[in-house]
Each structure stands twice: as C-alpha cells, then as structure tokens.
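Pasted below: upload.tsv, TSV, C-alpha atoms.
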```tsv
chain	number	residue	atom	x	y	z
A	1	MET	CA	0.00	0.00	0.00
A	2	ALA	CA	1.35	3.43	-0.92
A	3	ALA	CA	0.68	6.42	1.29
A	4	GLU	CA	1.12	9.95	-0.06
A	5	LEU	CA	1.64	12.46	2.71
A	6	GLU	CA	1.09	16.18	2.20
A	7	ASP	CA	2.39	18.51	4.91
A	8	GLY	CA	5.13	20.96	5.88
A	9	GLU	CA	4.96	23.98	8.23
A	10	GLU	CA	7.79	22.44	10.27
A	11	LEU	CA	10.31	23.71	7.71
A	12	GLU	CA	9.65	27.24	8.89
A	13	GLU	CA	11.16	26.54	12.31
A	14	SER	CA	12.66	23.03	12.29
A	15	GLU	CA	13.68	20.10	10.15
A	16	GLY	CA	10.25	18.63	9.52
A	17	THR	CA	9.99	15.32	7.71
A	18	GLU	CA	7.01	15.88	5.48
A	19	ALA	CA	6.34	17.81	2.27
A	20	GLY	CA	3.41	19.96	1.18
A	21	ASP	CA	1.03	22.57	2.62
A	22	GLU	CA	-2.09	20.42	2.27
A	23	LEU	CA	-3.00	18.35	5.31
A	24	PHE	CA	-4.32	15.04	4.05
A	25	GLU	CA	-3.02	11.60	3.21
A	26	HIS	CA	-3.73	9.33	0.26
A	27	PHE	CA	-3.75	5.53	0.43
A	28	SER	CA	-4.03	3.08	-2.45
A	29	VAL	CA	-4.56	-0.67	-2.13
A	30	THR	CA	-5.45	-3.55	-4.46
A	31	ALA	CA	-7.59	-6.42	-3.18
A	32	ASP	CA	-6.01	-9.88	-3.43
A	33	LYS	CA	-7.05	-12.39	-6.08
A	34	GLY	CA	-8.64	-14.56	-3.42
A	35	GLN	CA	-10.37	-11.71	-1.57
A	36	GLY	CA	-13.75	-12.74	-0.14
A	37	MET	CA	-16.80	-10.46	-0.22
A	38	ILE	CA	-16.51	-7.97	2.66
A	39	ARG	CA	-17.83	-4.47	3.39
A	40	LEU	CA	-15.51	-1.73	2.18
A	41	ASP	CA	-15.27	-0.02	5.59
A	42	LYS	CA	-14.32	-3.30	7.30
A	43	PHE	CA	-11.78	-4.08	4.57
A	44	LEU	CA	-10.05	-0.70	4.96
A	45	ALA	CA	-10.22	-0.67	8.78
A	46	VAL	CA	-8.11	-3.84	8.81
A	47	ARG	CA	-5.55	-2.48	6.34
A	48	LEU	CA	-5.15	1.11	7.55
A	49	GLU	CA	-3.33	1.49	10.84
A	50	ASN	CA	-4.90	3.74	13.48
A	51	THR	CA	-7.94	4.43	11.29
A	52	SER	CA	-11.39	3.86	12.74
A	53	ARG	CA	-14.39	2.62	10.75
A	54	ASN	CA	-16.12	5.88	11.63
A	55	ARG	CA	-13.29	7.87	10.00
A	56	ILE	CA	-13.49	5.62	6.93
A	57	GLN	CA	-17.29	5.98	6.74
A	58	THR	CA	-16.99	9.77	6.94
A	59	ALA	CA	-14.54	9.67	4.02
A	60	ALA	CA	-16.95	7.51	2.00
A	61	ASP	CA	-19.84	9.90	2.69
A	62	ALA	CA	-17.69	12.75	1.33
A	63	GLY	CA	-16.93	10.79	-1.86
A	64	ASN	CA	-13.31	10.33	-0.83
A	65	ILE	CA	-13.16	6.55	-1.43
A	66	LEU	CA	-12.86	5.38	-5.02
A	67	VAL	CA	-13.16	1.77	-6.13
A	68	ASN	CA	-11.92	1.24	-9.66
A	69	GLY	CA	-12.09	5.00	-10.17
A	70	ARG	CA	-15.67	5.49	-8.94
A	71	PRO	CA	-16.95	6.76	-5.57
A	72	ALA	CA	-18.10	3.91	-3.36
A	73	LYS	CA	-20.22	3.66	-0.21
A	74	SER	CA	-19.06	2.06	3.03
A	75	SER	CA	-21.40	-0.86	2.37
A	76	TYR	CA	-19.81	-1.70	-0.99
A	77	LYS	CA	-18.68	-5.35	-1.10
A	78	VAL	CA	-15.00	-5.58	-2.00
A	79	LYS	CA	-14.22	-7.97	-4.85
A	80	PRO	CA	-10.96	-9.62	-5.97
A	81	LEU	CA	-8.47	-7.21	-7.61
A	82	ASP	CA	-10.54	-4.10	-6.81
A	83	GLN	CA	-8.39	-0.94	-7.01
A	84	ILE	CA	-9.21	1.15	-3.95
A	85	SER	CA	-8.00	4.66	-3.10
A	86	ILE	CA	-8.92	6.82	-0.12
A	87	VAL	CA	-8.16	10.42	0.85
A	88	LEU	CA	-8.23	11.18	4.58
A	89	PRO	CA	-7.54	14.33	6.58
A	90	TYR	CA	-4.56	13.74	8.83
A	91	PRO	CA	-5.24	11.75	12.01
A	92	PRO	CA	-4.73	13.47	15.37
A	93	ARG	CA	-1.21	13.85	16.74
A	94	GLU	CA	-0.56	13.57	20.43
A	95	LEU	CA	0.26	17.04	21.72
A	96	GLU	CA	-1.46	19.02	24.44
A	97	ILE	CA	-3.13	21.99	22.81
A	98	VAL	CA	-3.61	25.03	25.02
A	99	ALA	CA	-6.70	27.08	24.16
A	100	GLU	CA	-5.56	30.70	23.88
A	101	GLU	CA	-7.71	33.79	23.50
A	102	ILE	CA	-5.87	35.22	20.51
A	103	PRO	CA	-7.68	37.71	18.23
A	104	LEU	CA	-8.55	36.28	14.83
A	105	ASN	CA	-9.53	38.10	11.64
A	106	ILE	CA	-12.53	35.95	10.71
A	107	VAL	CA	-13.71	36.55	7.14
A	108	TYR	CA	-16.56	34.01	7.16
A	109	GLU	CA	-17.99	31.38	9.49
A	110	ASP	CA	-20.91	28.94	9.47
A	111	ASP	CA	-21.68	25.51	11.00
A	112	ASP	CA	-19.24	23.73	8.68
A	113	LEU	CA	-16.20	25.95	8.28
A	114	ILE	CA	-14.37	29.12	9.16
A	115	VAL	CA	-12.27	31.30	6.84
A	116	VAL	CA	-9.50	33.26	8.57
A	117	ASN	CA	-7.27	36.03	7.24
A	118	LYS	CA	-4.00	35.06	8.95
A	119	GLU	CA	-1.50	37.75	9.82
A	120	ALA	CA	2.18	37.37	9.00
A	121	GLY	CA	4.20	36.01	11.90
A	122	MET	CA	1.58	33.54	13.12
A	123	VAL	CA	2.44	29.84	12.81
A	124	VAL	CA	-0.52	27.72	11.70
A	125	HIS	CA	-0.16	24.79	14.09
A	126	PRO	CA	2.08	23.85	17.04
A	127	GLY	CA	5.44	22.30	16.30
A	128	HIS	CA	9.07	22.46	17.32
A	129	GLY	CA	9.72	25.87	18.85
A	130	ASN	CA	6.09	26.99	18.44
A	131	TYR	CA	3.83	25.30	20.97
A	132	THR	CA	1.74	28.36	21.81
A	133	GLY	CA	0.49	31.41	19.97
A	134	THR	CA	-0.46	29.46	16.84
A	135	LEU	CA	-3.62	29.59	14.76
A	136	VAL	CA	-4.68	26.21	16.15
A	137	ASN	CA	-4.30	27.50	19.73
A	138	ALA	CA	-6.57	30.41	18.80
A	139	LEU	CA	-9.10	28.19	17.02
A	140	THR	CA	-9.19	25.76	19.95
A	141	PHE	CA	-10.34	28.67	22.12
A	142	HIS	CA	-12.72	30.16	19.56
A	143	LEU	CA	-14.33	26.81	18.69
A	144	GLN	CA	-14.26	25.21	22.12
A	145	GLY	CA	-17.23	22.91	22.62
A	146	LEU	CA	-17.08	21.48	19.10
A	147	PRO	CA	-16.13	17.76	19.09
A	148	LEU	CA	-13.37	18.29	16.53
A	149	PHE	CA	-11.63	20.80	18.80
A	150	GLU	CA	-12.06	19.02	22.14
A	151	GLN	CA	-9.56	16.24	21.44
A	152	GLY	CA	-6.40	18.35	21.65
A	153	ASP	CA	-5.53	17.65	18.00
A	154	MET	CA	-2.69	19.85	16.77
A	155	ARG	CA	-4.21	19.79	13.26
A	156	ALA	CA	-7.88	19.99	14.18
A	157	GLY	CA	-9.89	21.04	11.13
A	158	LEU	CA	-6.86	21.96	9.02
A	159	VAL	CA	-6.81	20.93	5.36
A	160	HIS	CA	-4.04	23.29	4.23
A	161	ARG	CA	-1.78	25.94	5.63
A	162	ILE	CA	0.41	28.89	4.72
A	163	ASP	CA	3.92	29.69	5.94
A	164	LYS	CA	4.48	31.57	9.19
A	165	ASN	CA	5.51	34.80	7.45
A	166	THR	CA	2.94	34.59	4.66
A	167	SER	CA	-0.29	36.49	5.29
A	168	GLY	CA	-3.74	35.73	3.94
A	169	LEU	CA	-6.69	33.39	3.67
A	170	LEU	CA	-7.03	29.94	5.21
A	171	VAL	CA	-10.11	27.69	5.47
A	172	VAL	CA	-10.62	25.42	8.48
A	173	ALA	CA	-13.29	22.71	8.85
A	174	LYS	CA	-15.47	22.63	11.97
A	175	ASN	CA	-16.65	19.01	11.73
A	176	GLU	CA	-15.45	15.67	10.37
A	177	ARG	CA	-17.77	15.70	7.34
A	178	ALA	CA	-16.62	19.14	6.19
A	179	HIS	CA	-13.01	18.16	6.92
A	180	ALA	CA	-13.20	15.15	4.61
A	181	PHE	CA	-15.07	17.07	1.88
A	182	LEU	CA	-12.55	19.92	1.79
A	183	ALA	CA	-9.58	17.53	1.90
A	184	ARG	CA	-10.85	15.86	-1.27
A	185	GLN	CA	-10.94	19.19	-3.11
A	186	PHE	CA	-7.35	19.95	-2.16
A	187	TYR	CA	-6.31	16.48	-3.28
A	188	ASP	CA	-8.12	16.94	-6.62
A	189	HIS	CA	-6.55	20.43	-7.04
A	190	THR	CA	-10.00	22.00	-7.54
A	191	ILE	CA	-9.44	24.63	-4.85
A	192	ARG	CA	-8.90	28.10	-6.34
A	193	ARG	CA	-5.94	29.76	-4.64
A	194	ILE	CA	-4.38	33.02	-5.76
A	195	TYR	CA	-1.39	34.70	-4.11
A	196	HIS	CA	0.17	38.10	-4.72
A	197	ALA	CA	3.97	38.14	-4.52
A	198	LEU	CA	6.50	40.95	-4.67
A	199	VAL	CA	9.59	39.50	-6.35
A	200	TRP	CA	13.00	40.73	-7.44
A	201	GLY	CA	13.61	41.58	-11.10
A	202	ASN	CA	11.58	42.34	-14.20
A	203	PHE	CA	9.89	39.78	-16.46
A	204	GLU	CA	10.22	39.60	-20.22
A	205	GLN	CA	6.74	38.06	-20.56
A	206	ASP	CA	3.52	39.15	-18.86
A	207	GLU	CA	2.66	35.63	-17.78
A	208	GLY	CA	4.10	32.15	-17.57
A	209	THR	CA	4.05	28.76	-15.88
A	210	ILE	CA	6.70	27.15	-13.70
A	211	VAL	CA	6.77	23.34	-13.65
A	212	GLY	CA	9.31	21.62	-11.45
A	213	ASN	CA	9.35	18.92	-8.81
A	214	ILE	CA	9.86	20.14	-5.25
A	215	ALA	CA	11.76	18.28	-2.53
A	216	ARG	CA	13.93	19.13	0.41
A	217	SER	CA	17.34	20.57	-0.50
A	218	THR	CA	20.24	18.17	-0.11
A	219	THR	CA	22.49	20.97	1.14
A	220	ASP	CA	20.16	22.82	3.53
A	221	ARG	CA	17.44	20.94	5.44
A	222	LEU	CA	15.48	24.14	6.03
A	223	ARG	CA	15.13	24.88	2.32
A	224	MET	CA	13.22	23.23	-0.49
A	225	ALA	CA	14.71	22.85	-3.97
A	226	VAL	CA	13.39	22.42	-7.52
A	227	TYR	CA	14.19	19.26	-9.49
A	228	PRO	CA	13.42	18.20	-13.10
A	229	PRO	CA	9.67	17.63	-13.62
A	230	ASP	CA	10.27	14.28	-15.31
A	231	GLY	CA	12.81	13.08	-12.75
A	232	PRO	CA	12.48	10.73	-9.78
A	233	ILE	CA	13.19	13.33	-7.10
A	234	GLY	CA	10.47	15.43	-5.49
A	235	LYS	CA	6.76	15.95	-5.98
A	236	HIS	CA	5.10	17.42	-9.06
A	237	ALA	CA	4.45	21.15	-8.67
A	238	VAL	CA	2.92	23.76	-10.98
A	239	THR	CA	2.73	27.54	-10.45
A	240	HIS	CA	1.09	29.91	-12.95
A	241	TYR	CA	2.10	33.57	-12.68
A	242	ARG	CA	0.91	36.84	-14.21
A	243	VAL	CA	2.53	40.28	-13.95
A	244	LEU	CA	0.32	42.79	-12.14
A	245	GLU	CA	2.62	45.79	-11.73
A	246	ARG	CA	6.19	46.51	-12.79
A	247	PHE	CA	8.56	48.63	-10.69
A	248	GLY	CA	11.68	48.03	-12.78
A	249	TYR	CA	13.79	46.39	-10.10
A	250	VAL	CA	10.95	44.45	-8.49
A	251	THR	CA	7.62	43.16	-9.83
A	252	LEU	CA	4.22	42.44	-8.31
A	253	VAL	CA	2.92	39.14	-9.66
A	254	GLU	CA	-0.20	37.05	-9.23
A	255	CYS	CA	0.51	33.36	-8.59
A	256	ARG	CA	-2.10	30.64	-9.07
A	257	LEU	CA	-1.33	27.28	-7.54
A	258	GLU	CA	-2.22	23.99	-9.18
A	259	THR	CA	-0.45	22.07	-6.44
A	260	GLY	CA	0.35	22.82	-2.82
A	261	ARG	CA	3.95	22.02	-1.92
A	262	THR	CA	6.02	23.40	0.91
A	263	HIS	CA	7.38	26.87	0.00
A	264	GLN	CA	6.12	26.31	-3.57
A	265	ILE	CA	5.89	29.93	-4.74
A	266	ARG	CA	9.04	30.92	-2.89
A	267	VAL	CA	11.23	28.17	-4.32
A	268	HIS	CA	9.65	28.21	-7.80
A	269	MET	CA	10.24	31.96	-8.11
A	270	GLU	CA	13.80	31.61	-6.89
A	271	SER	CA	14.39	28.86	-9.46
A	272	ILE	CA	13.65	31.26	-12.34
A	273	GLY	CA	15.76	34.07	-10.90
A	274	HIS	CA	13.01	36.03	-9.13
A	275	PRO	CA	13.25	35.40	-5.36
A	276	LEU	CA	10.55	36.96	-3.21
A	277	PHE	CA	11.40	40.41	-1.90
A	278	ASN	CA	12.91	40.13	1.61
A	279	ASP	CA	12.76	36.31	1.63
A	280	GLU	CA	15.76	35.50	3.85
A	281	ARG	CA	15.54	31.76	3.23
A	282	TYR	CA	15.73	32.02	-0.57
A	283	GLY	CA	18.12	34.94	-0.95
A	284	GLY	CA	15.64	37.79	-1.38
A	285	ASP	CA	16.77	39.69	1.73
A	286	ARG	CA	19.59	41.48	-0.07
A	287	ILE	CA	19.72	43.86	-3.03
A	288	LEU	CA	19.53	41.74	-6.18
A	289	LYS	CA	18.53	44.40	-8.74
A	290	GLY	CA	19.01	48.11	-9.04
A	291	THR	CA	21.72	50.74	-8.76
A	292	THR	CA	24.83	51.00	-6.60
A	293	PHE	CA	23.86	54.42	-5.25
A	294	SER	CA	23.78	54.71	-1.47
A	295	LYS	CA	20.36	56.39	-1.62
A	296	TYR	CA	18.95	53.34	-3.41
A	297	LYS	CA	20.53	51.03	-0.85
A	298	GLN	CA	18.93	53.04	1.93
A	299	PHE	CA	15.58	52.97	0.09
A	300	VAL	CA	15.62	49.16	-0.14
A	301	GLU	CA	16.63	48.82	3.52
A	302	ASN	CA	13.69	51.09	4.41
A	303	CYS	CA	11.40	48.78	2.42
A	304	PHE	CA	12.79	45.77	4.29
A	305	ALA	CA	12.08	47.56	7.56
A	306	LEU	CA	8.51	48.39	6.47
A	307	MET	CA	7.84	44.74	5.57
A	308	PRO	CA	10.18	42.62	7.71
A	309	ARG	CA	9.15	39.33	6.06
A	310	HIS	CA	8.87	37.89	2.57
A	311	GLY	CA	6.44	39.60	0.22
A	312	LEU	CA	3.71	36.97	-0.16
A	313	HIS	CA	-0.02	37.27	0.54
A	314	ALA	CA	-2.72	34.61	0.07
A	315	MET	CA	-5.11	36.92	-1.72
A	316	SER	CA	-8.13	34.76	-2.59
A	317	LEU	CA	-9.62	31.35	-1.93
A	318	GLY	CA	-12.49	29.53	-3.66
A	319	PHE	CA	-14.00	26.11	-3.05
A	320	VAL	CA	-17.25	24.12	-3.06
A	321	HIS	CA	-19.14	24.32	0.25
A	322	PRO	CA	-19.54	20.94	1.99
A	323	THR	CA	-23.28	21.39	2.61
A	324	THR	CA	-24.67	23.69	-0.08
A	325	ARG	CA	-22.36	22.19	-2.74
A	326	ARG	CA	-22.09	25.68	-4.23
A	327	GLU	CA	-18.78	27.38	-4.91
A	328	ILE	CA	-17.92	30.21	-2.54
A	329	TYR	CA	-15.11	32.69	-3.04
A	330	PHE	CA	-13.24	35.02	-0.71
A	331	GLU	CA	-10.77	37.86	-1.24
A	332	SER	CA	-8.65	39.75	1.26
A	333	GLU	CA	-6.99	43.15	1.28
A	334	TYR	CA	-3.26	43.61	1.54
A	335	PRO	CA	-2.03	43.80	5.14
A	336	ALA	CA	-0.57	47.15	6.18
A	337	ASP	CA	3.10	46.16	5.77
A	338	PHE	CA	2.60	44.73	2.27
A	339	ALA	CA	0.57	47.78	1.16
A	340	ALA	CA	3.15	50.19	2.59
A	341	CYS	CA	6.00	48.46	0.80
A	342	LEU	CA	4.13	48.57	-2.52
A	343	ALA	CA	3.33	52.26	-2.01
A	344	LYS	CA	7.01	53.00	-1.41
A	345	TRP	CA	8.02	51.22	-4.61
A	346	ARG	CA	5.32	53.07	-6.57
A	347	GLY	CA	6.66	56.36	-5.30
A	348	TYR	CA	10.26	55.43	-6.12
A	349	THR	CA	9.33	54.27	-9.64
A	350	ALA	CA	7.30	57.41	-10.36
A	351	ALA	CA	10.19	59.64	-9.22
A	352	ARG	CA	12.70	57.68	-11.31
A	353	ASN	CA	10.47	57.88	-14.40
A	354	GLU	CA	10.21	61.68	-13.98
A	355	ILE	CA	13.97	62.03	-13.83
A	356	GLU	CA	14.51	59.79	-16.87
A	357	SER	CA	11.88	61.67	-18.89
A	358	GLY	CA	13.47	65.00	-17.95
A	359	GLU	CA	10.32	66.45	-16.44
```
Can the structure in the file be given as structure tokens, please?
Amino acid sequence: MAAELEDGEELEESEGTEAGDELFEHFSVTADKGQGMIRLDKFLAVRLENTSRNRIQTAADAGNILVNGRPAKSSYKVKPLDQISIVLPYPPRELEIVAEEIPLNIVYEDDDLIVVNKEAGMVVHPGHGNYTGTLVNALTFHLQGLPLFEQGDMRAGLVHRIDKNTSGLLVVAKNERAHAFLARQFYDHTIRRIYHALVWGNFEQDEGTIVGNIARSTTDRLRMAVYPPDGPIGKHAVTHYRVLERFGYVTLVECRLETGRTHQIRVHMESIGHPLFNDERYGGDRILKGTTFSKYKQFVENCFALMPRHGLHAMSLGFVHPTTRREIYFESEYPADFAACLAKWRGYTAARNEIESGE
C-alpha cells in the first residue's frame, strides 16, 4: 500500500519530515485475487493502521473513497483485484493543545467551516519551537465545545496551511464531514488559490508557468529545492504567474497554484531568478537588482524595515461548500506592511520615471 503524505509547516522553524502545505493523506490498495466479499469499511479498517471505521465511513460519505475510479459507499462489497484509493484528513497527533484567547480576523464562518485572514508572523499549528500562539491554539479557544476541537488535536480542522511569514486566507473545517469534503478538493486540485507576490527583477513576458518537482534541499534541510519535472526526485508542482505591476527592479505578480507544496511559490520563483522580496531563506533579503547608489541602498533597507518578512499574501480562496455544494469565493486586502512596501516602490518608480523623462 502506498501512502502519499502532504504537509510541511515544520520547515519554517525546524527540520520537519514531510512535504506539502495540504493536510491530508492518500492511500491506495489492491484487493487480493482470493479476496472474499466484505464491506468496504471493514476491509479498509483492517488495512489502515490507526484508522477507525467511523473515520473511513466519513470519508466515504464525502466521496473520498474510489473503487476502480468510482466513488463507493461504506457498504460496498469488495471484490478480488478491486483498485481502492482513499483520501483522509490527517489523524490526530498527540500534543497538548492550550486554548488561547488570541484575536482572529474571521472573514466568514458557518456551521461547517471558518475562513481566517492570517496575519504574518503567526504559525498555523504547534510544532518544534512553536507550541503556543499558533492559529490552532486560537481556534481551539474560539471553537471550544465542538467535538473536533475538544480532542487536543494539533491539526484539528486543518486541510491546508500557509507559511508563518505569509499572510492571507485559510479555510478550516469545523466538523469531520466538512473536513473530509474539503480535503478531497485539495487532493483533486479543484481549490482556487491566488497569491500576490513581490519578487525581485523584471519579467520579459507578462505571464508564464513554472513546472518543477519540489523536494527538500540536499544541502540545507530548512530549504526546499526544484528538481526536473520528469525526474524521480520530489513531488510534481505547478505555479502559474501573471505580472500585475512593474517597478523596474521588483515586480508584483499574481501566482495561481495547481499544487500545494512546501514553499512552492518561494522556491519556484527563486528557481527562475526572481526570489521573493525580503525572503531571507531564498536569498531575497539582499539587493539583487538596481543601482549601486547609497540612496537606493537606503531605500531598499527602508522597504525591508517596512515589511520585515517575505512579500507573499494569500489573496483569494475559492472552493465548493460541503453542505450547499455551491462554490464560494473570498478575497482579502493587503495587510498594512505589504501595502506600505508597494506604495514606497510606486513612489520610487514614479520619481525615477520623472527624472529619466526630464520632467
């Protein structure tokens, strides 16, 4: 049986062992030639470690179990050589979660889910070096009383995440059914996610696509690296980008994710020579483009001080609602530091253009 694990915030603060920003796992199994007729949920409960029949049944109800490529109910009778695949949100991890009354910017909330606009600097869930002050600590307080958040699960309700120093939108499930339904959409890559990134350099084309496998760097365990898309190393990753605004030495781009890998936009942009502005992990925290004038150096350092983190914001998020089965879509405004940095670059570019035009 092959298990595909999607995860990865640990890289922000430690040497985590998983890869991806989507919090689900995928199992595939083929029934033996001599397999007797048995209910699907019983069959999987025997073969999947630490997975209850209830968790399997919830996945089936969400359409997350496929037999020979088609959704199957828990009561389906497994037959010889059936090809079975199942997508499950991550099981609980043992870690005491402290409920903390931390203010949250809640964009939307109903009985099934909550959409949060996360500020830069907040880690999504507890891990090495970050056991308090995380989004999960805040959610455990805000959603106390709900069964999903009473078990002390460090990943309660999470189906994806964004890096500590990335701001923007995140959806969290409030019950098991919604959790399974949203996890399937992330696995199928039907979630609509758009980020805005401030990157170093100018682009020859207005839009493009970056395709390259992503895996942990062999030289630095805290970095990811890009490998050939047709090679054996790493996981398939695709980022589409479009230029929104040009400042000469830096560019504001829109990035649309097809896949969700750890540091995907950051490492993909670095791989084509456009590291994120002020991204210390991927080399964007130094002057990469521009003049040698001391005034310019001071200007860039002032921009770094205004936005003391990498220039990436999860701008919009769209998905199918677990209950209404209608697509819902959310957008967020730039946080103050991101907006201030952009305003400073606009002012600098306008002043430079006036000087060059002789006005």
query: Between CA of Phe304 in chain A and CA of Thr132 in chain A, what is the spacing in Å?
result: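 It comes out at 27.1 Å.
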field: Between CA of Arg281 in chain A and CA of Asp220 in chain A, distance in Å (one decimal)
entry: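 Taking CA of Arg281 in chain A and CA of Asp220 in chain A, their separation equals 10.1 Å.
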- request: Using only C-alpha atoms, find all polymer residues with an atom at most 10 Å away from the point (5.0, 43.1, -10.8); report them as a PyMOL selection string.
  value: chain A and resi 196-203+206+242-254+342
- prompt: Pick from A:His125, A:Lys77, A:Arg326, A:Arg266: nearest to Ile214 in chain A, with all atoms listed in the file counted?
  reply: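 For Ile214 in chain A, the nearest of the given residues is A:Arg266.
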message: So, with all atoms listed in the file as the atoms that count, which of A:Leu81, A:Leu170, A:Ala138, A:Ala45 lies closest to Leu317 in chain A?
response: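 With all atoms listed in the file as the atom set, the closest residue is A:Leu170.
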Would you kindly return, as a CSV table (one decimal) with C-alpha atoms, keeping the file's coordinate frame, each protein, DNA or RNA residue with an atom no farther than 12 Å from any atom of Glu327 in chain A, considering only C-alpha atoms and excluding same-chain residues fewer than 6 positions away?
```
chain,number,residue,atom,x,y,z
A,182,LEU,CA,-12.6,19.9,1.8
A,185,GLN,CA,-10.9,19.2,-3.1
A,190,THR,CA,-10.0,22.0,-7.5
A,191,ILE,CA,-9.4,24.6,-4.8
A,192,ARG,CA,-8.9,28.1,-6.3
A,317,LEU,CA,-9.6,31.4,-1.9
A,318,GLY,CA,-12.5,29.5,-3.7
A,319,PHE,CA,-14.0,26.1,-3.0
A,320,VAL,CA,-17.2,24.1,-3.1
A,321,HIS,CA,-19.1,24.3,0.2
```
message: Which residue is closest to Glu109 in chain A? Choose from A:Leu143, A:Gly121, A:Thr349, A:Ser52 and count all atoms listed in the file.
response: A:Leu143
- request: Could you tell me which of A:Ile272, A:His310, A:Tyr241, A:Gly168 comes closest to Gly212 in chain A if we count only C-alpha atoms?
  value: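 Smallest distance to Gly212 in chain A is found for A:Ile272.
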- request: Find, counting only C-alpha atoms, the residue in A:Leu146, A:Asp112, A:Gly133, A:Lys174 that gets nearest to Leu158 in chain A.
  value: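 With only C-alpha atoms as the atom set, the closest residue is A:Lys174.
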- request: In the coordinates of the file, take the point (-4.3, 28.8, 6.3) and a cut-off of 12 Å; then, counting only C-alpha atoms, name each qualifying protein, DNA or RNA residue as a ChimeraX atom specification.
  value: /A:9,21-23,105-106,114-120,122-125,134-136,139,155,157-173,193,260,313-317
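From CA of Leu66 in chain A back to CA of Glu176 in chain A, the distance works out to 18.7 Å.
Of the residues listed (A:Arg55, A:Glu354, A:Ser85, A:Glu333), A:Glu333 shows the shortest atom-to-atom separation from Val107 in chain A; distances use all atoms listed in the file.
For Ser75 in chain A, the residues within 7 Å (counting only C-alpha atoms, excluding itself and residues fewer than 6 positions away along the chain) are A:Arg39, A:Leu40, A:Asp41.
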For Phe141 in chain A, find every residue with an atom within 6 Å (counting only C-alpha atoms), except residues of its own chain fewer than 6 positions away, and show them as a PDB file with C-alpha atoms, keeping the file's coordinate frame.
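Result written to out_28.pdb:
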```
ATOM      1  CA  ALA A  99      -6.700  27.080  24.160  1.00  0.00           C
ATOM      2  CA  GLU A 100      -5.560  30.700  23.880  1.00  0.00           C
ATOM      3  CA  GLU A 101      -7.710  33.790  23.500  1.00  0.00           C
TER       4      GLU A 101
END
```
